[in-house]
Amino acid sequence: MTARMSGALAVDFGDGYEIKRGDLTGHIEYRRPPRAVYACLRCGTQEGPVTGPLAVRRFVDTVRAVHATRCHPAAPITERQAA
Ligand SMILES: [Zn+2]
């Protein structure tokens with residue numbers, strides 16, 4: 001089986017800094033939150049965008065599988081006319 005590129009996943013990791021002191025030590029404060037979007041090259045559908053660190057991580061992990069369940073590339077026009 002040959003793996004083929006079927007979509008483009010774009011992730012913007014945002015712009016933030018880690019808090020070094022106080023109650024929120026280790027927390028990331030975002031000036032620009034992370035963002036992700038997936039564009040399917042087979043059906044032309046775009047999934048997302050989603051924003052926020054947790055949403056982006058979940059999206060990156062699952063979007064290909066999730067999209068595969070609803071990816072329905074339109075039949076080429078010539079085939080539709082022939083049917
Ligand atoms: Zn698709």
# chains A, B, ... in the order shown; residues from 1 in each chain; ligands from 1

$ residues_around --residues "Gly44 in chain A" --least-positions-apart "2" --cutoff "12 Å" --atoms "only C-alpha atoms" --output "PyMOL selection string"
chain A and resi 6-8+38-42+46-47+67+70-74

$ select_by_dssp --residues "chain A" --states "helix (DSSP H, G or I)" --output "list in words"
Pro53, Leu54, Ala55, Val56, Arg57, Arg58, Phe59, Val60, Asp61, Thr62, Val63, Arg64, Ala65, Val66, His67, Ala68, Ile77, Thr78, Glu79, Arg80, Gln81 and Ala82 of chain A

$ atom_distance --atom1 "CA of Val66 in chain A" --atom2 "atom 1 (Zn, counted along the ligand's line) of ligand 1"
10.0 Å

$ residues_around --residues "range 15-29 of chain A" --least-positions-apart "3" --cutoff "12 Å" --atoms "only C-alpha atoms" --output "list in words"
Asp12, Arg32, Pro33, Pro34, Arg35, Gly52, Pro53 and Leu54 of chain A

$ select_by_dssp --residues "chain A" --states "strand (DSSP E)" --output "ChimeraX atom specification"
/A:7-12,15-18,28-32,35-40,46-51

$ atom_distance --atom1 "CA of Thr69 in chain A" --atom2 "atom 1 (Zn, counted along the ligand's line) of ligand 1"
8.8 Å

$ atom_distance --atom1 "CA of Val60 in chain A" --atom2 "CA of Gly14 in chain A"
14.6 Å

$ closest_residue --among "A:Val63, A:Val50, A:Ala55, A:Ala68" --to "Ala36 in chain A" --atoms "only C-alpha atoms"
A:Val50

$ closest_residue --among "A:Thr51, A:Arg57, A:Thr45, A:Arg64" --to "ligand 1" --atoms "only C-alpha atoms and all ligand atoms"
A:Thr45

$ decode --residues "range 27-82 of chain A" --atoms "C-alpha atoms" --output "CSV table (one decimal), in the first residue's frame"
chain,number,residue,atom,x,y,z
A,27,HIS,CA,1.2,28.0,32.4
A,28,ILE,CA,1.6,29.3,28.9
A,29,GLU,CA,0.2,32.8,28.4
A,30,TYR,CA,-0.7,33.4,24.7
A,31,ARG,CA,-0.6,36.7,23.0
A,32,ARG,CA,-1.8,34.8,19.9
A,33,PRO,CA,-3.3,31.4,20.6
A,34,PRO,CA,-2.3,28.3,18.7
A,35,ARG,CA,-4.5,27.6,15.7
A,36,ALA,CA,-4.9,24.7,13.3
A,37,VAL,CA,-6.7,24.0,10.0
A,38,TYR,CA,-6.9,21.0,7.8
A,39,ALA,CA,-7.6,21.3,4.1
A,40,CYS,CA,-8.6,18.1,2.3
A,41,LEU,CA,-7.1,17.8,-1.2
A,42,ARG,CA,-9.5,15.1,-2.3
A,43,CYS,CA,-12.9,16.7,-1.5
A,44,GLY,CA,-11.9,20.3,-1.1
A,45,THR,CA,-13.4,20.5,2.4
A,46,GLN,CA,-11.7,22.5,5.2
A,47,GLU,CA,-11.9,21.3,8.8
A,48,GLY,CA,-11.4,23.9,11.5
A,49,PRO,CA,-9.9,26.3,12.2
A,50,VAL,CA,-9.7,25.4,15.9
A,51,THR,CA,-7.9,27.7,18.4
A,52,GLY,CA,-6.4,27.1,21.8
A,53,PRO,CA,-3.6,24.7,22.8
A,54,LEU,CA,-5.8,21.8,23.8
A,55,ALA,CA,-8.1,22.0,20.9
A,56,VAL,CA,-5.2,22.2,18.5
A,57,ARG,CA,-3.5,19.2,20.0
A,58,ARG,CA,-6.7,17.1,19.8
A,59,PHE,CA,-7.4,18.4,16.3
A,60,VAL,CA,-3.9,17.4,15.0
A,61,ASP,CA,-4.2,13.9,16.6
A,62,THR,CA,-7.6,13.2,15.2
A,63,VAL,CA,-8.5,15.3,12.2
A,64,ARG,CA,-7.3,12.9,9.5
A,65,ALA,CA,-9.3,10.0,10.9
A,66,VAL,CA,-12.3,12.2,11.7
A,67,HIS,CA,-12.3,13.7,8.2
A,68,ALA,CA,-11.9,10.3,6.5
A,69,THR,CA,-15.3,9.3,7.9
A,70,ARG,CA,-17.0,12.2,6.1
A,71,CYS,CA,-14.7,12.7,3.0
A,72,HIS,CA,-16.8,12.3,0.0
A,73,PRO,CA,-15.0,13.7,-3.1
A,74,ALA,CA,-17.5,14.7,-5.7
A,75,ALA,CA,-17.5,12.5,-8.7
A,76,PRO,CA,-15.9,14.0,-11.8
A,77,ILE,CA,-18.5,15.9,-13.9
A,78,THR,CA,-18.0,13.6,-16.9
A,79,GLU,CA,-18.9,10.5,-14.8
A,80,ARG,CA,-22.0,12.2,-13.3
A,81,GLN,CA,-23.2,13.1,-16.8
A,82,ALA,CA,-22.7,9.5,-18.0
